[in-house]
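K.L.:
Got a structure for you, questions after.
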Amino acid sequence: MEGALNSWNRLDRMPEPNLPVNYPRKPGCRPAPEDNPFNAWYYKVDIQGADSGPLHGKTVALKDNIALAGVPMMNGSRTLQYTPEFDATVVTRILEAGGHIDGKAVCEDLCLSGASFTSATGPVLNPHDGTRNAGGSSSGSAALVAGNIVDMALGGDQGGSIRMPSSWCGIVGLKPTHGLVPYTGICSMEMTLDHVGPMTRTVSDCAQLLEVFVCMPANGLAGRGTGRRWAGSAHVRTHARTYPRTHIHTQTHTRAHTHACTHVHHTHTH
């Protein structure tokens with residue numbers, strides 16, 4: 001027992017890692033109701049990334065299960081309210097690519113609902129019809145994109161939480177192949193199911209945002225935070241410009257699709 005206690009004591013003496021926060025920001029604020037027509041914003045911020053890059057000029061919203069240093073986070077629940085001290089890997093890559101982060105989008109309580117009325121901040125409204133459900137759990141991300149409030153957003157998906165709100169709000173949502181986009185710095189539900197991916201109005205924007213995130217390590221296996229950049233999605237983005245929108249459709253969520261290559265989902269609003 002003494003040996004085990006000595007090991008724990010050595011761990012306690014080790015300094016906590018202090019990750020750099022490279023882009024200046026203020027904590028932001030909760031938006032006033034008149035500035036939040038779909039109740040889709042949890043927190044508003046104004047964080048400008050690099051002076052140039054593939055996302056320069058693009059505004060981005062983050063699902064509120066993604067760590068953004070210095071900005072409050074609640075993951076849709078009153079039981080989980082704190083302020084992260086570091087940025088998630090995807091946040092760093094957005095800012096390095098020149099993106100402008102406008103804020104944190106509302107998500108459902110602990111990301112456990114496929115509807116849009118369980119968040120502690122109240123229901124998220126469908127931009128096409130305020131009496132309709134926006135879908136969840138990435139409800140705020142879908143509403144902000146569909147309502148032309150931001151150009152792009154990030155959602156999370158374990159069982160449809162990107163795909164369902166994207167479908168119900170009539171935008172493009174993509175659940176990437178597992179491990180293709182780093183999940184470090186994001187609230188986890190179950191590590192073998194956790195995915196983070198882009199939500200946009202066009203297939204081309206979706207591929208562009210994916211390209212910013214994706215990395216491949218030297219061994220060729222998709223990583224969850226380290227490795228060299230992978231430029232393959234540039235090919236997807238080029239061909240997406242000519243791909244007929246009517247051919248992009250939501251597919252049945254079967255085991256085969258779970259293990260298949262990345263799918264883009266786009267359907268008409270219900």
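Going through the structure tokens in order, the chains are called A, B, and so on, while each chain numbers its residues from 1 and the ligands are numbered from 1 in the order shown.
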DSSP on the backbone, then: every residue of range 5-54 of chain A marked strand (DSSP E), written as number ranges by chain.
P.N.:
A: 41-48
K.L.:
Residues near Leu110 in chain A, anyone? I mean within 9 Å using only C-alpha atoms, not counting same-chain ones fewer than 3 positions away, as a list in words.
P.N.:
Asn65, Met74, Asn75, Gly76, Ser77, Leu80, Cys107, Ser113, Ser119, Ser137, Cys187 and Met189 of chain A
K.L.:
Could you tell me how far CA of Val91 in chain A lies from CA of Ile66 in chain A, in Å and to one decimal?
P.N.:
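It comes out at 8.1 Å.
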K.L.:
Quick one: pull the distance between CA of Gly140 in chain A and CA of Lys63 in chain A, Å, one decimal.
P.N.:
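Here the two named atoms are 7.3 Å from each other.
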K.L.:
Write out as a compact mmCIF listing (two decimals) with N, CA and C atoms, in the first residue's frame all residues of range 1-202 of chain A that DSSP puts in alpha helix (DSSP H) for this structure's backbone.
P.N.:
```txt
# COMPACT_ATOMS: atom_id res chain seq x y z
N GLU A 2 1.98 1.20 0.74
CA GLU A 2 2.85 2.38 0.83
C GLU A 2 3.38 2.76 -0.54
N GLY A 3 3.73 1.74 -1.35
CA GLY A 3 4.23 2.04 -2.70
C GLY A 3 3.20 2.73 -3.55
N ALA A 4 1.94 2.27 -3.45
CA ALA A 4 0.88 2.89 -4.23
C ALA A 4 0.65 4.33 -3.79
N LEU A 5 0.69 4.57 -2.46
CA LEU A 5 0.49 5.93 -1.95
C LEU A 5 1.63 6.85 -2.39
N ASN A 6 2.84 6.34 -2.41
CA ASN A 6 3.97 7.14 -2.88
C ASN A 6 3.81 7.53 -4.35
N SER A 7 3.27 6.59 -5.13
CA SER A 7 3.03 6.90 -6.54
C SER A 7 2.00 8.01 -6.69
N TRP A 8 0.92 7.93 -5.91
CA TRP A 8 -0.09 8.99 -5.95
C TRP A 8 0.50 10.33 -5.52
N ASN A 9 1.34 10.32 -4.49
CA ASN A 9 1.95 11.56 -4.02
C ASN A 9 2.84 12.18 -5.08
N ARG A 10 3.55 11.34 -5.83
CA ARG A 10 4.40 11.86 -6.91
C ARG A 10 3.54 12.51 -7.98
N LEU A 11 2.39 11.89 -8.29
CA LEU A 11 1.47 12.49 -9.26
C LEU A 11 0.96 13.84 -8.77
N ASP A 12 0.64 13.92 -7.48
CA ASP A 12 0.13 15.17 -6.92
C ASP A 12 1.16 16.29 -7.03
N ARG A 13 2.45 15.94 -6.97
CA ARG A 13 3.50 16.96 -7.03
C ARG A 13 3.80 17.43 -8.45
N THR A 89 -9.05 21.11 -29.60
CA THR A 89 -8.19 21.07 -30.80
C THR A 89 -8.90 21.66 -32.02
N VAL A 90 -10.19 21.38 -32.17
CA VAL A 90 -10.91 21.91 -33.34
C VAL A 90 -11.01 23.43 -33.29
N VAL A 91 -11.09 24.00 -32.09
CA VAL A 91 -11.12 25.46 -31.95
C VAL A 91 -9.81 26.06 -32.42
N THR A 92 -8.70 25.48 -31.99
CA THR A 92 -7.39 25.96 -32.42
C THR A 92 -7.26 25.92 -33.93
N ARG A 93 -7.75 24.87 -34.55
CA ARG A 93 -7.62 24.74 -36.01
C ARG A 93 -8.52 25.73 -36.75
N ILE A 94 -9.69 26.02 -36.21
CA ILE A 94 -10.55 27.04 -36.82
C ILE A 94 -9.84 28.39 -36.81
N LEU A 95 -9.29 28.75 -35.65
CA LEU A 95 -8.64 30.06 -35.52
C LEU A 95 -7.36 30.13 -36.35
N GLU A 96 -6.60 29.06 -36.38
CA GLU A 96 -5.39 29.04 -37.22
C GLU A 96 -5.73 29.17 -38.70
N SER A 139 -28.88 21.37 -31.63
CA SER A 139 -30.01 22.18 -32.07
C SER A 139 -29.62 23.61 -32.41
N GLY A 140 -28.87 24.26 -31.52
CA GLY A 140 -28.48 25.64 -31.76
C GLY A 140 -27.59 25.79 -32.98
N SER A 141 -26.68 24.84 -33.18
CA SER A 141 -25.79 24.90 -34.35
C SER A 141 -26.59 24.88 -35.64
N ALA A 142 -27.58 23.98 -35.73
CA ALA A 142 -28.40 23.87 -36.93
C ALA A 142 -29.22 25.14 -37.15
N ALA A 143 -29.83 25.67 -36.09
CA ALA A 143 -30.68 26.84 -36.22
C ALA A 143 -29.88 28.07 -36.64
N LEU A 144 -28.68 28.24 -36.10
CA LEU A 144 -27.87 29.41 -36.45
C LEU A 144 -27.43 29.38 -37.90
N VAL A 145 -27.12 28.19 -38.41
CA VAL A 145 -26.73 28.07 -39.82
C VAL A 145 -27.95 28.26 -40.72
N ALA A 146 -29.04 27.57 -40.42
CA ALA A 146 -30.24 27.65 -41.24
C ALA A 146 -30.83 29.06 -41.24
N ARG A 163 -26.84 14.83 -37.61
CA ARG A 163 -27.66 14.49 -38.78
C ARG A 163 -29.12 14.87 -38.61
N MET A 164 -29.68 14.65 -37.43
CA MET A 164 -31.10 14.96 -37.24
C MET A 164 -31.41 16.45 -37.31
N PRO A 165 -30.71 17.32 -36.54
CA PRO A 165 -31.02 18.74 -36.67
C PRO A 165 -30.69 19.31 -38.05
N SER A 166 -29.66 18.78 -38.69
CA SER A 166 -29.34 19.24 -40.05
C SER A 166 -30.49 18.93 -40.99
N SER A 167 -31.04 17.72 -40.87
CA SER A 167 -32.16 17.32 -41.70
C SER A 167 -33.40 18.17 -41.42
N TRP A 168 -33.71 18.37 -40.15
CA TRP A 168 -34.94 19.08 -39.79
C TRP A 168 -34.85 20.57 -40.12
N CYS A 169 -33.63 21.12 -40.16
CA CYS A 169 -33.47 22.54 -40.47
C CYS A 169 -33.08 22.77 -41.93
```
K.L.:
Counting only C-alpha atoms, figure out which residue out of A:Thr118, A:Gly98, A:Leu125, A:Asp194 gets nearest to Leu209 in chain A.
P.N.:
A:Gly98
K.L.:
Got a sec: who's within 8 Å of Thr59 in chain A, counting only C-alpha atoms, leaving out chain neighbours fewer than 2 positions off, as a VMD selection string?
P.N.:
chain A and resid 57 61 99 to 102 150 to 152
K.L.:
So which one's closest to Gly28 in chain A, A:Arg78, A:Arg201, A:Lys104, A:Lys58? Using only C-alpha atoms, please.
P.N.:
A:Lys104
K.L.:
Find the residues near Thr202 in chain A: any atom within 8 Å, counting only C-alpha atoms, skip ones fewer than 4 places away on the same chain, and give them as a list in words.
P.N.:
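In the requested format, the answer is Ile171, Val172 and Cys206 of chain A.
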K.L.:
Save out the residues we just selected, all heavy atoms, as a PDB file, in the first residue's frame.
P.N.:
```
ATOM      1  N   ILE A 171     -30.230  21.872 -43.702  1.00  0.00           N
ATOM      2  CA  ILE A 171     -28.851  22.254 -43.997  1.00  0.00           C
ATOM      3  C   ILE A 171     -28.019  20.992 -44.241  1.00  0.00           C
ATOM      4  O   ILE A 171     -28.536  19.880 -44.209  1.00  0.00           O
ATOM      5  CB  ILE A 171     -28.238  23.084 -42.849  1.00  0.00           C
ATOM      6  CG1 ILE A 171     -28.143  22.256 -41.559  1.00  0.00           C
ATOM      7  CG2 ILE A 171     -29.052  24.366 -42.625  1.00  0.00           C
ATOM      8  CD1 ILE A 171     -27.328  22.922 -40.468  1.00  0.00           C
ATOM      9  N   VAL A 172     -26.731  21.182 -44.471  1.00  0.00           N
ATOM     10  CA  VAL A 172     -25.809  20.068 -44.687  1.00  0.00           C
ATOM     11  C   VAL A 172     -25.116  19.743 -43.365  1.00  0.00           C
ATOM     12  O   VAL A 172     -24.531  20.620 -42.731  1.00  0.00           O
ATOM     13  CB  VAL A 172     -24.752  20.421 -45.749  1.00  0.00           C
ATOM     14  CG1 VAL A 172     -23.766  19.259 -45.936  1.00  0.00           C
ATOM     15  CG2 VAL A 172     -25.419  20.757 -47.071  1.00  0.00           C
ATOM     16  N   CYS A 206     -19.111  22.587 -46.261  1.00  0.00           N
ATOM     17  CA  CYS A 206     -18.952  21.448 -45.368  1.00  0.00           C
ATOM     18  C   CYS A 206     -17.593  20.779 -45.584  1.00  0.00           C
ATOM     19  O   CYS A 206     -16.871  20.477 -44.631  1.00  0.00           O
ATOM     20  CB  CYS A 206     -20.085  20.455 -45.610  1.00  0.00           C
ATOM     21  SG  CYS A 206     -20.242  19.163 -44.355  1.00  0.00           S
TER      22      CYS A 206
END
```
K.L.:
Given only C-alpha atoms as the basis, pick out the residue of A:Gly197, A:Gly185, A:Pro15, A:Gly103 nearest to Ser161 in chain A.
P.N.:
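Between A:Gly197, A:Gly185, A:Pro15, A:Gly103, the residue approaching Ser161 in chain A most closely is A:Gly197.
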K.L.:
Could you state the separation of CA of Asp64 in chain A and CA of Ala50 in chain A in Å, given to one decimal place?
P.N.:
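Spanning CA of Asp64 in chain A to CA of Ala50 in chain A is a straight-line distance of 22.6 Å.
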